[in-house]
Amino acid sequence: MSELDKTRFTAKHPLECSNGHRYTRSDGFFNWLLTGSQLGSALILADTAIEGRVKYDGDSELGVRLPYSLRGAEISAWPTSEWKDLGGDVDYAVVWKGWAFITLKETRLTRVAGRGVPATDFQIVGSRRAGRIPGWRQAMGEAIIAFEEGRTNVSILLANIAVETLYSSIADRRLRRRGMTDSLIADLHGKLPFEWRLRERFARAFKLPCLGDAPFWADWVKKARSPRNPLAHSWRFERGGKAIATEQDAQEAIWLHLKAVLHLNPKAFDWLMSLETKAVRGTPRTA
């Protein structure tokens with residue numbers, strides 16, 4: 001991200017397109033994360049980014065040794081313009097521990113004239129230190145994994161847990177500083193519904209994070225939060241008479257939870273700003 005991108009991503013005031021449509025950069029990012037990105041859940045769980053370029057060496061099956069062994073990693077690989085000009089493409093790419101395995105699509109022309117030609121560029125994100133990733137990101141990453149796998153009810157429940165985890169990580173420290181004991185804090189969380197604690201009057205009184213002032217508050221309560229208890233206790237979605245949430249239901253719920261995270265903590269995604277990419281150098285080894 002450029003410095004301007006970083007400013008726009010965290011801005012509360014929307015941008016305006018030439019056609020008058022208004023949006024926030026974060027909305028676009030969250031939508032891309034759920035619907036357009038091959039990296040998806042891995043990006044939420046990532047602390048490491050790697051990129052590189054692979055040359056064709058006469059074998060379509062290539063293995064690139066990575067500088068780190070990664071967990072929960074995903075790779076996005078695409079053909080270079082030179083490789084496409086020869087009719088080639090990328091068939092498959094996967095990361096396994098400390099290796100990226102890429103399968104190139106060959107043609108008669110690539111076999112004749114392709115040796116030494118840059119064939120594919122790739123980007124990888126993953127985690128080197130999974131245990132250091134904040135709990136809310138672990139839960140949200142698992143929510144997006146469930147969404148990607150079509151487990152819609154699980155994804156909505158886990159996204160709720162992610163927001164609850166973030167809230168507690170902020171609120172508990174503030175309440176302890178005000179002299180509350182851990183048992184009293186636990187009672188507060190257990191006896192007051194989460195939505196009540198996020199309303200302006202309650203949050204302002206205790207100087208706690210507030211979501212009730214967000215412009216999407218009503219949508220969050222109805223579409224993202226209300227399914228939580230039926231899912232947790234009876235494993236029913238219970239919106240529109242459905243027991244199982246649709247893909248659109250899950251996508252909208254996770255999207256609203258991501259917006260809630262950013263509203264509760266405007267610095268929640270700052271780690272993305274410092275996720276610097278390491279370039280892989282050297283010749284790939286044949287897999």
# chains A, B, ... in the order shown; residues from 1 in each chain; ligands from 1
>>> residues_around(residues="Leu175 of chain A", least_positions_apart="3", cutoff="12 Å", atoms="only C-alpha atoms", output="number ranges by chain")
A: 167-172, 178-186, 188-189, 203, 205-209
>>> write_last_selection(atoms="C-alpha atoms", output="PDB file, in the first residue's frame")
ATOM      1  CA  TYR A 167     -13.830  -6.325  22.488  1.00  0.00           C
ATOM      2  CA  SER A 168     -12.646  -8.231  25.571  1.00  0.00           C
ATOM      3  CA  SER A 169      -8.991  -7.613  24.740  1.00  0.00           C
ATOM      4  CA  ILE A 170      -9.698  -3.864  24.817  1.00  0.00           C
ATOM      5  CA  ALA A 171     -12.383  -3.630  27.506  1.00  0.00           C
ATOM      6  CA  ASP A 172     -10.819  -5.932  30.104  1.00  0.00           C
ATOM      7  CA  ARG A 178     -10.578   1.194  36.922  1.00  0.00           C
ATOM      8  CA  GLY A 179     -10.170  -1.283  39.796  1.00  0.00           C
ATOM      9  CA  MET A 180     -12.488  -4.103  38.675  1.00  0.00           C
ATOM     10  CA  THR A 181     -11.492  -7.658  39.536  1.00  0.00           C
ATOM     11  CA  ASP A 182     -11.393 -10.428  36.932  1.00  0.00           C
ATOM     12  CA  SER A 183     -14.433 -12.109  38.504  1.00  0.00           C
ATOM     13  CA  LEU A 184     -16.428  -8.868  38.323  1.00  0.00           C
ATOM     14  CA  ILE A 185     -15.379  -8.358  34.710  1.00  0.00           C
ATOM     15  CA  ALA A 186     -16.472 -11.920  33.918  1.00  0.00           C
ATOM     16  CA  LEU A 188     -20.199  -8.054  33.484  1.00  0.00           C
ATOM     17  CA  HIS A 189     -19.576  -9.942  30.253  1.00  0.00           C
ATOM     18  CA  ALA A 203     -19.842   2.390  26.569  1.00  0.00           C
ATOM     19  CA  ALA A 205     -20.043   5.722  30.938  1.00  0.00           C
ATOM     20  CA  PHE A 206     -17.275   3.133  31.340  1.00  0.00           C
ATOM     21  CA  LYS A 207     -15.016   4.585  28.599  1.00  0.00           C
ATOM     22  CA  LEU A 208     -15.265   1.320  26.672  1.00  0.00           C
ATOM     23  CA  PRO A 209     -15.337   0.645  22.923  1.00  0.00           C
TER      24      PRO A 209
END
>>> residues_around(residues="Ala218 of chain A", least_positions_apart="6", cutoff="12 Å", atoms="only C-alpha atoms", output="PyMOL selection string")
chain A and resi 195+199+211-212+224-226+256+260
>>> closest_atom_pairs(of="segment 12-92 of chain A", to="segment 126-139 of chain A", cutoff="9 Å", atoms="only C-alpha atoms", output="CSV")
residue,atom,partner,partner_atom,distance
A:Ala42,CA,A:Gly126,CA,5.8
A:Leu43,CA,A:Gly126,CA,6.9
A:Ile44,CA,A:Arg137,CA,6.2
A:Leu45,CA,A:Gln138,CA,6.3
A:Ala46,CA,A:Gly126,CA,4.4
A:Asp47,CA,A:Ser127,CA,5.0
A:Thr48,CA,A:Gly126,CA,5.5
A:Ala49,CA,A:Gly126,CA,6.7
A:Ile50,CA,A:Gly126,CA,8.7
A:Tyr68,CA,A:Arg128,CA,7.1
A:Ser69,CA,A:Arg128,CA,6.7
A:Leu70,CA,A:Arg128,CA,5.2
A:Arg71,CA,A:Ser127,CA,5.1
A:Gly72,CA,A:Gly126,CA,5.5
A:Ala73,CA,A:Gly126,CA,3.9
A:Glu74,CA,A:Gly126,CA,6.6
A:Ile75,CA,A:Gly126,CA,8.9
>>> write_last_selection(atoms="N, CA, C and O atoms", output="PDB file, in the first residue's frame")
ATOM      1  N   ALA A  42      -5.837 -16.593   4.570  1.00  0.00           N
ATOM      2  CA  ALA A  42      -4.404 -16.591   4.859  1.00  0.00           C
ATOM      3  C   ALA A  42      -3.893 -15.181   5.125  1.00  0.00           C
ATOM      4  O   ALA A  42      -2.980 -14.988   5.930  1.00  0.00           O
ATOM      5  N   LEU A  43      -4.488 -14.185   4.459  1.00  0.00           N
ATOM      6  CA  LEU A  43      -4.036 -12.810   4.660  1.00  0.00           C
ATOM      7  C   LEU A  43      -4.365 -12.329   6.066  1.00  0.00           C
ATOM      8  O   LEU A  43      -3.565 -11.627   6.695  1.00  0.00           O
ATOM      9  N   ILE A  44      -5.536 -12.706   6.599  1.00  0.00           N
ATOM     10  CA  ILE A  44      -5.897 -12.327   7.965  1.00  0.00           C
ATOM     11  C   ILE A  44      -4.948 -12.975   8.970  1.00  0.00           C
ATOM     12  O   ILE A  44      -4.624 -12.412  10.017  1.00  0.00           O
ATOM     13  N   LEU A  45      -4.482 -14.187   8.670  1.00  0.00           N
ATOM     14  CA  LEU A  45      -3.612 -14.923   9.586  1.00  0.00           C
ATOM     15  C   LEU A  45      -2.135 -14.665   9.342  1.00  0.00           C
ATOM     16  O   LEU A  45      -1.283 -15.221  10.028  1.00  0.00           O
ATOM     17  N   ALA A  46      -1.801 -13.823   8.357  1.00  0.00           N
ATOM     18  CA  ALA A  46      -0.416 -13.701   7.913  1.00  0.00           C
ATOM     19  C   ALA A  46       0.417 -12.757   8.773  1.00  0.00           C
ATOM     20  O   ALA A  46      -0.079 -11.768   9.302  1.00  0.00           O
ATOM     21  N   ASP A  47       1.689 -13.104   8.893  1.00  0.00           N
ATOM     22  CA  ASP A  47       2.682 -12.160   9.388  1.00  0.00           C
ATOM     23  C   ASP A  47       3.866 -12.078   8.424  1.00  0.00           C
ATOM     24  O   ASP A  47       4.848 -11.388   8.696  1.00  0.00           O
ATOM     25  N   THR A  48       3.777 -12.782   7.292  1.00  0.00           N
ATOM     26  CA  THR A  48       4.870 -12.841   6.338  1.00  0.00           C
ATOM     27  C   THR A  48       4.316 -12.812   4.916  1.00  0.00           C
ATOM     28  O   THR A  48       3.305 -13.462   4.632  1.00  0.00           O
ATOM     29  N   ALA A  49       4.967 -12.062   4.041  1.00  0.00           N
ATOM     30  CA  ALA A  49       4.603 -12.014   2.628  1.00  0.00           C
ATOM     31  C   ALA A  49       5.848 -12.277   1.785  1.00  0.00           C
ATOM     32  O   ALA A  49       6.932 -11.774   2.084  1.00  0.00           O
ATOM     33  N   ILE A  50       5.678 -13.071   0.754  1.00  0.00           N
ATOM     34  CA  ILE A  50       6.789 -13.440  -0.129  1.00  0.00           C
ATOM     35  C   ILE A  50       6.305 -13.300  -1.568  1.00  0.00           C
ATOM     36  O   ILE A  50       5.155 -13.611  -1.880  1.00  0.00           O
ATOM     37  N   TYR A  68      11.252 -19.318   4.514  1.00  0.00           N
ATOM     38  CA  TYR A  68      10.644 -19.674   5.791  1.00  0.00           C
ATOM     39  C   TYR A  68       9.662 -20.825   5.587  1.00  0.00           C
ATOM     40  O   TYR A  68       9.092 -20.995   4.516  1.00  0.00           O
ATOM     41  N   SER A  69       9.440 -21.573   6.644  1.00  0.00           N
ATOM     42  CA  SER A  69       8.358 -22.551   6.666  1.00  0.00           C
ATOM     43  C   SER A  69       7.129 -21.845   7.217  1.00  0.00           C
ATOM     44  O   SER A  69       7.174 -21.272   8.304  1.00  0.00           O
ATOM     45  N   LEU A  70       6.029 -21.865   6.459  1.00  0.00           N
ATOM     46  CA  LEU A  70       4.851 -21.078   6.792  1.00  0.00           C
ATOM     47  C   LEU A  70       3.667 -21.965   7.160  1.00  0.00           C
ATOM     48  O   LEU A  70       3.522 -23.069   6.646  1.00  0.00           O
ATOM     49  N   ARG A  71       2.811 -21.433   8.038  1.00  0.00           N
ATOM     50  CA  ARG A  71       1.559 -22.101   8.383  1.00  0.00           C
ATOM     51  C   ARG A  71       0.399 -21.325   7.776  1.00  0.00           C
ATOM     52  O   ARG A  71       0.439 -20.106   7.678  1.00  0.00           O
ATOM     53  N   GLY A  72      -0.646 -22.068   7.416  1.00  0.00           N
ATOM     54  CA  GLY A  72      -1.851 -21.424   6.880  1.00  0.00           C
ATOM     55  C   GLY A  72      -1.575 -20.571   5.665  1.00  0.00           C
ATOM     56  O   GLY A  72      -2.237 -19.551   5.461  1.00  0.00           O
ATOM     57  N   ALA A  73      -0.602 -20.959   4.845  1.00  0.00           N
ATOM     58  CA  ALA A  73      -0.179 -20.128   3.726  1.00  0.00           C
ATOM     59  C   ALA A  73      -1.016 -20.387   2.480  1.00  0.00           C
ATOM     60  O   ALA A  73      -1.492 -21.497   2.245  1.00  0.00           O
ATOM     61  N   GLU A  74      -1.175 -19.342   1.692  1.00  0.00           N
ATOM     62  CA  GLU A  74      -1.820 -19.443   0.393  1.00  0.00           C
ATOM     63  C   GLU A  74      -0.945 -18.747  -0.637  1.00  0.00           C
ATOM     64  O   GLU A  74      -0.212 -17.809  -0.318  1.00  0.00           O
ATOM     65  N   ILE A  75      -1.046 -19.216  -1.878  1.00  0.00           N
ATOM     66  CA  ILE A  75      -0.259 -18.653  -2.962  1.00  0.00           C
ATOM     67  C   ILE A  75      -1.185 -18.196  -4.072  1.00  0.00           C
ATOM     68  O   ILE A  75      -2.184 -18.851  -4.371  1.00  0.00           O
TER      69      ILE A  75
END
>>> atom_distance(atom1="atom CA of Ala245 of chain A", atom2="atom CA of Leu264 of chain A")
25.8 Å
>>> closest_residue(among="A:Thr103, A:Arg25, A:Asp59, A:Gly141", to="Gly116 of chain A", atoms="only C-alpha atoms")
A:Asp59
>>> residues_around(residues="Ile144 of chain A", least_positions_apart="2", cutoff="8 Å", atoms="only C-alpha atoms", output="PyMOL selection string")
chain A and resi 34+40-41+140-142+146-148+155+254
>>> write_last_selection(atoms="all heavy atoms", output="compact mmCIF listing (two decimals), in the first residue's frame")
# COMPACT_ATOMS: atom_id res chain seq x y z
N LEU A 34 -13.22 -11.29 0.82
CA LEU A 34 -14.19 -12.37 0.90
C LEU A 34 -14.57 -12.94 -0.47
O LEU A 34 -14.95 -14.11 -0.56
CB LEU A 34 -15.46 -11.89 1.60
CG LEU A 34 -15.33 -11.55 3.08
CD1 LEU A 34 -16.60 -10.92 3.60
CD2 LEU A 34 -15.00 -12.80 3.88
N GLY A 40 -7.38 -14.63 0.69
CA GLY A 40 -8.47 -14.78 1.64
C GLY A 40 -8.06 -14.89 3.10
O GLY A 40 -7.43 -13.99 3.67
N SER A 41 -8.42 -16.01 3.71
CA SER A 41 -8.18 -16.23 5.13
C SER A 41 -6.71 -16.15 5.49
O SER A 41 -6.34 -15.70 6.58
CB SER A 41 -8.73 -17.59 5.55
OG SER A 41 -8.16 -18.63 4.76
N MET A 140 -11.16 -14.80 13.29
CA MET A 140 -11.67 -14.28 12.02
C MET A 140 -11.09 -15.05 10.85
O MET A 140 -11.78 -15.30 9.85
CB MET A 140 -11.34 -12.79 11.90
CG MET A 140 -12.00 -12.10 10.71
SD MET A 140 -13.82 -12.09 10.81
CE MET A 140 -14.07 -10.77 12.00
N GLY A 141 -9.81 -15.42 10.95
CA GLY A 141 -9.21 -16.24 9.90
C GLY A 141 -9.94 -17.56 9.75
O GLY A 141 -10.22 -18.02 8.63
N GLU A 142 -10.26 -18.19 10.87
CA GLU A 142 -10.99 -19.46 10.83
C GLU A 142 -12.40 -19.25 10.29
O GLU A 142 -12.94 -20.12 9.60
CB GLU A 142 -11.05 -20.08 12.23
CG GLU A 142 -9.71 -20.53 12.79
CD GLU A 142 -9.09 -21.65 11.96
OE1 GLU A 142 -9.85 -22.42 11.33
OE2 GLU A 142 -7.85 -21.75 11.94
N ALA A 146 -13.88 -21.15 6.99
CA ALA A 146 -15.18 -21.85 6.98
C ALA A 146 -16.05 -21.32 5.85
O ALA A 146 -16.74 -22.10 5.16
CB ALA A 146 -15.87 -21.69 8.33
N PHE A 147 -16.03 -20.01 5.64
CA PHE A 147 -16.81 -19.42 4.54
C PHE A 147 -16.32 -19.93 3.20
O PHE A 147 -17.12 -20.29 2.32
CB PHE A 147 -16.71 -17.89 4.61
CG PHE A 147 -17.33 -17.18 3.44
CD1 PHE A 147 -18.71 -17.12 3.30
CD2 PHE A 147 -16.53 -16.58 2.48
CE1 PHE A 147 -19.28 -16.47 2.22
CE2 PHE A 147 -17.10 -15.93 1.39
CZ PHE A 147 -18.47 -15.87 1.26
N GLU A 148 -15.00 -19.97 3.01
CA GLU A 148 -14.43 -20.47 1.76
C GLU A 148 -14.78 -21.93 1.51
O GLU A 148 -14.89 -22.35 0.35
CB GLU A 148 -12.90 -20.31 1.80
CG GLU A 148 -12.45 -18.85 1.80
CD GLU A 148 -10.98 -18.69 2.19
OE1 GLU A 148 -10.38 -19.64 2.75
OE2 GLU A 148 -10.43 -17.60 1.94
N SER A 155 -19.01 -20.20 9.92
CA SER A 155 -18.33 -18.93 9.62
C SER A 155 -18.96 -17.76 10.36
O SER A 155 -18.25 -16.89 10.87
CB SER A 155 -18.33 -18.68 8.10
OG SER A 155 -19.63 -18.40 7.62
N ILE A 254 -19.96 -11.66 7.86
CA ILE A 254 -18.51 -11.52 8.07
C ILE A 254 -18.07 -10.11 7.69
O ILE A 254 -17.26 -9.50 8.39
CB ILE A 254 -17.73 -12.57 7.26
CG1 ILE A 254 -18.09 -13.98 7.73
CG2 ILE A 254 -16.23 -12.35 7.42
CD1 ILE A 254 -17.52 -15.07 6.85
>>> select_by_dssp(residues="segment 19-241 of chain A", states="helix (DSSP H, G or I)", output="VMD selection string")
chain A and resid 25 to 35 40 to 44 81 to 85 108 to 113 130 to 132 135 to 148 152 to 177 182 to 191 194 to 197 200 to 206 217 to 225 228 to 234
